[in-house]
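A.B. asks: Quick one: this structure, given as structure tokens, is what I'll be asking you about.
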Amino acid sequence: MKLAILGGGGFRVPLVFGALLRDASLHRVDQVVLFDLDVTRLAAIGQIVRQMAQGVDGSPSVAETTDLDEALRGADFVFSAIRVGGLQGRIVDERVALDLGVLGQETTGPGGLAYALRTVPVALHIAQRASELAPDAWFINFTNPAGIVTEAMQGVLGDHVLGICDSPIALARRAIDALGLPQESTTIDYVGLNHLGWLRALHHDGTDHLPRLLSSPDLLANTEEGRLFGAQWLRALGAVPNEYLYYYYFTREAVAAIKTADQTRGEFLHDQQGGFYAAVTANPGTALQVWQRVRAERDLTYMKEARAEDESRDDADMAGGGYEGVALAVMAAIASGEVADLILNVRNAGAVPGLPEDAVVEIPCTVDRAGPHARHVPAAEEHMLGLMQQVKAVERLVIEAVTTRSESAALKAFALHPLVDSVSTARALLDGYRRRSPEIGALFDD
């Protein structure tokens, strides 16, 4: 099988390749093509994955290309992990918002909308090329904001596009471990959109064990989410939110922490990865060791603004998920019929009452040879559904803004987002992004 990885020069690509090396199934990937427009980054990641494959029997062949059509042609699976505008674009997303006193974060709030405005046009072009060059391929989208990008691409490729994220399954696994339940036989009730969801129940042997977790401050203290949100708030909710809901529930604290930090997350990664790629280029023989060291530092500083100054992530938190494992499970289920239960971004089709049929939602699915099958979930509480409806409306306005080149739709999207506090702020956000992001400026120029 051929796997094309778009954004093949990205820092996290070796995680995916490592999962492929661990795959012992009969129907496994034997050809990997890395596509990226940045030849320096592409060469660096190529060095790393080849070093990972040394001494591993049956490891996939690896090729690198800057030609999108070459990467897509004849692919069985396509992973997309592109970053339009690079980390400099992420810095703009963060700083324009922070300068106006609102959340500057990569996927949540106005920063995420700006990221989508840059990314959706490119994603639609990729989807069109994939429809012609690999019409039967399954497209697994990692590209953020995953919900918006997946929904836009489904307009071209239909249900052969699905989105993945490691946050929901990592949350569920941490909760299951804290309760001492078996991972394989515990059923997860989770509902939401990408980076906006809630764990509502954990069923084992006919009993929902989540109330036991919520009633125990000691058990909650053993989870990332318990420390992040606090036992009192989780008991009040009666559910465990995805970590990204911190930005909605503790907006003032998040904005203040980011504004007072020496760097935004984008600025930190820009500096860190600039040094990483330079080091690998200068000494290719040590590429894998350098990547492992930098990856550990990156993981430890993830969502730093949501933790106390002296608090760091522990090993269990960082090992709780892994989007590369989710991607491999999707491929194994489709290619060989190894049925998997996963939380994915898929078309709603009535699974979540109160959201449009064609909206992409993040919910438990069963995956088999025919692809993902969304499970119908119990109706969401009003506060959950209301927030999902508002954010989904904003996401669909962003897609409309791109496909119709409508500045009005873009302004409406910013103004209606729950983390933007006024229409005046929305206008200033859109103006700022148009000035400082070339891709967004070009989208609305006559």
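Every chain in the structure tokens takes a letter, A first, then B, and so on in the order presented; its residues are numbered from 1, and the ligands are numbered from 1 following the presented order.
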Find the residues near Gly9 of chain A: any atom within 10 Å, counting only C-alpha atoms, skip ones fewer than 4 places away on the same chain, and give them as a ChimeraX atom specification.

C.D. replies: /A:5,13-14,34-46,64,81-82,277

A.B. asks: Keeping only C-alpha atoms, write those residues as a short mmCIF file (atom, residue, chain, number, x, y, z; two decimals), in the first residue's frame.

C.D. replies:
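Written out: part11.cif:
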```cif
data_model
loop_
_atom_site.label_atom_id
_atom_site.label_comp_id
_atom_site.auth_asym_id
_atom_site.auth_seq_id
_atom_site.Cartn_x
_atom_site.Cartn_y
_atom_site.Cartn_z
CA ILE A 5 2.08 12.23 3.82
CA VAL A 13 5.97 13.02 10.83
CA PRO A 14 8.46 10.62 12.53
CA LEU A 34 6.73 12.56 1.90
CA PHE A 35 5.48 15.74 0.22
CA ASP A 36 6.50 19.22 1.29
CA LEU A 37 7.35 22.51 -0.41
CA ASP A 38 10.25 23.21 1.98
CA VAL A 39 13.15 21.12 0.69
CA THR A 40 15.30 21.70 3.81
CA ARG A 41 12.62 20.43 6.17
CA LEU A 42 11.78 17.59 3.80
CA ALA A 43 15.41 16.42 3.67
CA ALA A 44 15.72 16.61 7.46
CA ILE A 45 12.65 14.45 8.12
CA GLY A 46 13.76 12.05 5.40
CA GLU A 64 10.51 12.67 -0.89
CA ALA A 81 -0.57 17.58 8.15
CA ILE A 82 0.17 20.81 6.33
CA TYR A 277 16.24 21.95 11.34
#
```

A.B. asks: For segment 339-388 of chain A against segment 226-250 of chain A, with a cut-off of 10 Å and counting only C-alpha atoms, what is the closest atom pair and its distance in Å to one decimal for every residue that makes the cut, ordered by chain and number, as a Markdown table?

C.D. replies:
```
| residue | atom | partner | partner_atom | distance |
| --- | --- | --- | --- | --- |
| A:Glu381 | CA | A:Leu237 | CA | 9.9 |
| A:His383 | CA | A:Leu237 | CA | 9.8 |
| A:Met384 | CA | A:Leu237 | CA | 9.9 |
| A:Leu387 | CA | A:Tyr248 | CA | 9.7 |
```

A.B. asks: Would you kindly return, as a list in words, each protein, DNA or RNA residue with an atom no farther than 9 Å from any atom of Tyr190 of chain A, considering only C-alpha atoms and excluding same-chain residues fewer than 2 positions away?

C.D. replies: Pro168, Ala172, Ile188, Gly192, Gly197, Trp198, Leu199, Arg200, Ala201, Ile343, Glu362, Ile363, Pro364 and Val377 of chain A

A.B. asks: With only C-alpha atoms as the atoms that count, which of A:Thr187, A:Asn283, A:Ser336, A:Ser406 lies nearest to Cys365 of chain A?

C.D. replies: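 The answer is A:Thr187, which sits nearest to Cys365 of chain A.
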
A.B. asks: Hey, what's within 12 Å of Gly104 of chain A if we count only C-alpha atoms and toss same-chain stuff fewer than 5 positions away? As a VMD selection string, please?

C.D. replies: chain A and resid 90 to 99 109 to 115 247 251 to 252 254 to 259 263 to 267 305 419 to 420 429

A.B. asks: Would you mind exporting N, CA and C atoms of the selected residues as a compact mmCIF listing (two decimals), in the first residue's frame?

C.D. replies:
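Result went into again.txt, see below:
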```txt
# COMPACT_ATOMS: atom_id res chain seq x y z
N ARG A 90 1.46 31.20 12.20
CA ARG A 90 0.89 30.94 13.52
C ARG A 90 1.17 32.11 14.46
N ILE A 91 2.34 32.66 14.39
CA ILE A 91 2.67 33.81 15.24
C ILE A 91 1.72 34.97 14.95
N VAL A 92 1.45 35.21 13.68
CA VAL A 92 0.50 36.27 13.30
C VAL A 92 -0.88 35.97 13.88
N ASP A 93 -1.32 34.72 13.74
CA ASP A 93 -2.63 34.33 14.29
C ASP A 93 -2.72 34.67 15.78
N GLU A 94 -1.66 34.39 16.50
CA GLU A 94 -1.65 34.61 17.94
C GLU A 94 -1.56 36.08 18.29
N ARG A 95 -0.64 36.79 17.65
CA ARG A 95 -0.34 38.16 18.06
C ARG A 95 -1.43 39.15 17.67
N VAL A 96 -2.05 38.99 16.52
CA VAL A 96 -3.13 39.91 16.13
C VAL A 96 -4.25 39.86 17.17
N ALA A 97 -4.59 38.66 17.61
CA ALA A 97 -5.65 38.52 18.61
C ALA A 97 -5.22 39.07 19.96
N LEU A 98 -4.03 38.70 20.41
CA LEU A 98 -3.57 39.16 21.73
C LEU A 98 -3.45 40.67 21.79
N ASP A 99 -3.03 41.29 20.71
CA ASP A 99 -2.93 42.75 20.68
C ASP A 99 -4.28 43.43 20.87
N GLY A 109 -10.76 29.93 18.89
CA GLY A 109 -10.97 31.37 18.88
C GLY A 109 -10.51 31.99 17.57
N PRO A 110 -10.27 33.31 17.58
CA PRO A 110 -9.96 34.02 16.33
C PRO A 110 -8.69 33.53 15.65
N GLY A 111 -7.69 33.10 16.43
CA GLY A 111 -6.48 32.56 15.80
C GLY A 111 -6.78 31.35 14.95
N GLY A 112 -7.67 30.48 15.44
CA GLY A 112 -8.06 29.31 14.67
C GLY A 112 -8.81 29.68 13.40
N LEU A 113 -9.63 30.73 13.47
CA LEU A 113 -10.36 31.16 12.27
C LEU A 113 -9.41 31.70 11.22
N ALA A 114 -8.41 32.46 11.66
CA ALA A 114 -7.41 32.97 10.71
C ALA A 114 -6.64 31.82 10.08
N TYR A 115 -6.27 30.84 10.90
CA TYR A 115 -5.57 29.67 10.39
C TYR A 115 -6.41 28.96 9.33
N TYR A 247 -9.94 27.12 27.32
CA TYR A 247 -9.94 28.46 26.74
C TYR A 247 -11.33 29.10 26.76
N THR A 251 -11.26 31.80 30.20
CA THR A 251 -10.75 32.67 29.13
C THR A 251 -9.84 33.76 29.68
N ARG A 252 -10.26 34.43 30.73
CA ARG A 252 -9.45 35.53 31.27
C ARG A 252 -8.08 35.03 31.72
N ALA A 254 -6.51 32.34 30.71
CA ALA A 254 -5.70 31.90 29.56
C ALA A 254 -5.09 33.09 28.83
N VAL A 255 -5.90 34.12 28.57
CA VAL A 255 -5.39 35.30 27.86
C VAL A 255 -4.30 35.98 28.68
N ALA A 256 -4.54 36.13 29.98
CA ALA A 256 -3.54 36.78 30.84
C ALA A 256 -2.23 36.01 30.85
N ALA A 257 -2.32 34.68 30.95
CA ALA A 257 -1.10 33.87 30.99
C ALA A 257 -0.32 33.96 29.70
N ILE A 258 -1.03 33.93 28.56
CA ILE A 258 -0.35 34.01 27.27
C ILE A 258 0.28 35.39 27.07
N LYS A 259 -0.45 36.44 27.48
CA LYS A 259 0.05 37.80 27.28
C LYS A 259 1.28 38.09 28.13
N GLN A 263 7.05 34.41 25.40
CA GLN A 263 6.77 34.07 24.01
C GLN A 263 5.39 33.44 23.90
N THR A 264 4.77 33.59 22.73
CA THR A 264 3.60 32.77 22.44
C THR A 264 4.08 31.36 22.09
N ARG A 265 3.15 30.44 22.02
CA ARG A 265 3.52 29.07 21.64
C ARG A 265 4.14 29.05 20.24
N GLY A 266 3.57 29.82 19.32
CA GLY A 266 4.12 29.87 17.97
C GLY A 266 5.54 30.40 17.95
N GLU A 267 5.81 31.42 18.74
CA GLU A 267 7.16 31.98 18.80
C GLU A 267 8.15 30.99 19.39
N GLU A 305 0.40 27.52 29.35
CA GLU A 305 -0.36 28.62 29.94
C GLU A 305 -1.49 28.14 30.85
N LEU A 419 -15.63 33.63 21.71
CA LEU A 419 -14.45 34.19 22.36
C LEU A 419 -14.07 35.56 21.82
N VAL A 420 -14.93 36.14 20.97
CA VAL A 420 -14.73 37.51 20.48
C VAL A 420 -15.83 38.37 21.08
N LEU A 429 -9.94 42.45 14.09
CA LEU A 429 -9.29 41.17 13.86
C LEU A 429 -9.14 40.90 12.36
```

A.B. asks: Could you pull out the strand (DSSP E) residues of segment 225-431 of chain A, going by DSSP on the backbone, and write them as an MDAnalysis selection string?

C.D. replies: chainID A and resid 240:241 340:347 360:368 371:374

A.B. asks: For segment 121-138 of chain A, list every protein, DNA or RNA residue within 7 Å, evaluated using only C-alpha atoms, and leave out those in the same chain fewer than 4 positions away; present the list as a list in words.

C.D. replies: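 So, after excluding close chain neighbours, the residues are Leu72, Arg73, Gly74, Ala75, Asp76, Phe77, Val78, Val149, Ala152, Met153, Val156, Leu157, His160, Val161 and Val402 of chain A.
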
A.B. asks: For Met331 of chain A, which residue out of A:Gly8, A:Gly163, A:Gly350, A:Gly371 is the nearest one, using only C-alpha atoms?

C.D. replies: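 Answer, going by the shortest atom-to-atom distance: A:Gly371.
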
A.B. asks: Using only C-alpha atoms, determine which residues lie at most 9 Å from segment 15-29 of chain A, disregarding the query and same-chain residues fewer than 6 positions distant; provide the list as a short mmCIF file (atom, residue, chain, number, x, y, z; two decimals) with N, CA and C atoms, in the first residue's frame.

C.D. replies:
```cif
data_model
loop_
_atom_site.label_atom_id
_atom_site.label_comp_id
_atom_site.auth_asym_id
_atom_site.auth_seq_id
_atom_site.Cartn_x
_atom_site.Cartn_y
_atom_site.Cartn_z
N MET A 1 0.84 -1.20 0.00
CA MET A 1 0.00 0.00 0.00
C MET A 1 0.87 1.24 0.00
N LYS A 2 0.40 2.25 -0.69
CA LYS A 2 1.11 3.53 -0.75
C LYS A 2 0.45 4.53 0.19
N LEU A 3 1.26 5.16 1.01
CA LEU A 3 0.81 6.23 1.90
C LEU A 3 1.50 7.51 1.51
N VAL A 49 13.54 9.55 9.40
CA VAL A 49 12.77 8.32 9.23
C VAL A 49 13.65 7.19 8.68
N MET A 52 15.40 5.82 11.61
CA MET A 52 14.47 5.01 12.39
C MET A 52 14.32 3.61 11.79
N ALA A 53 14.38 3.52 10.46
CA ALA A 53 14.13 2.25 9.78
C ALA A 53 15.34 1.33 9.75
N VAL A 56 15.30 -2.50 10.79
CA VAL A 56 13.91 -2.95 10.95
C VAL A 56 13.50 -3.71 9.70
N ASP A 57 13.25 -5.00 9.83
CA ASP A 57 12.87 -5.82 8.67
C ASP A 57 11.52 -5.36 8.12
N GLY A 58 11.44 -5.31 6.80
CA GLY A 58 10.17 -4.99 6.15
C GLY A 58 9.74 -3.55 6.28
N SER A 59 10.66 -2.65 6.61
CA SER A 59 10.28 -1.24 6.76
C SER A 59 9.89 -0.67 5.40
N PRO A 60 8.96 0.28 5.37
CA PRO A 60 8.51 0.84 4.09
C PRO A 60 9.64 1.60 3.38
N GLY A 322 -1.91 9.91 21.20
CA GLY A 322 -1.03 9.67 20.08
C GLY A 322 -1.82 9.60 18.80
N TYR A 323 -1.84 10.70 18.03
CA TYR A 323 -2.66 10.70 16.83
C TYR A 323 -2.13 9.73 15.79
N GLU A 324 -0.82 9.41 15.87
CA GLU A 324 -0.28 8.43 14.95
C GLU A 324 -0.89 7.05 15.18
N GLY A 325 -1.17 6.71 16.44
CA GLY A 325 -1.81 5.44 16.73
C GLY A 325 -3.24 5.40 16.22
N ALA A 327 -4.35 7.08 13.63
CA ALA A 327 -4.26 6.97 12.17
C ALA A 327 -3.97 5.54 11.73
N LEU A 328 -3.06 4.87 12.44
CA LEU A 328 -2.72 3.50 12.09
C LEU A 328 -3.92 2.58 12.29
N MET A 331 -6.27 2.96 9.36
CA MET A 331 -5.77 2.27 8.17
C MET A 331 -5.93 0.76 8.30
N ALA A 332 -5.61 0.22 9.47
CA ALA A 332 -5.71 -1.23 9.67
C ALA A 332 -7.15 -1.70 9.52
N ALA A 335 -8.06 -1.37 5.67
CA ALA A 335 -7.28 -2.23 4.78
C ALA A 335 -7.47 -3.71 5.05
N SER A 336 -7.63 -4.07 6.33
CA SER A 336 -7.66 -5.50 6.65
C SER A 336 -8.89 -5.94 7.44
#
```

A.B. asks: What is the distance between atom CA of Asp341 of chain A and atom CA of Gln389 of chain A, in Å to one decimal?

C.D. replies: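 Atom CA of Asp341 of chain A sits 25.6 Å away from atom CA of Gln389 of chain A.
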
A.B. asks: Pull the helix (DSSP H, G or I) assignments for segment 219-338 of chain A out of DSSP run on the backbone, and list those residues as a VMD selection string.

C.D. replies: chain A and resid 219 to 220 224 to 229 231 to 237 243 to 249 251 to 260 265 to 282 284 to 300 304 to 306 315 to 318 323 to 336

A.B. asks: Please identify all polymer residues within 8 Å of Val330 of chain A, counting only C-alpha atoms, omitting same-chain residues fewer than 4 positions from it, and present them as a ChimeraX atom specification.

C.D. replies: /A:326,334,340,367,371

A.B. asks: Go ahead and compute the interatomic distance for atom CA of Gly206 of chain A and atom CA of Gln183 of chain A, in Å to one decimal.

C.D. replies: 15.0 Å
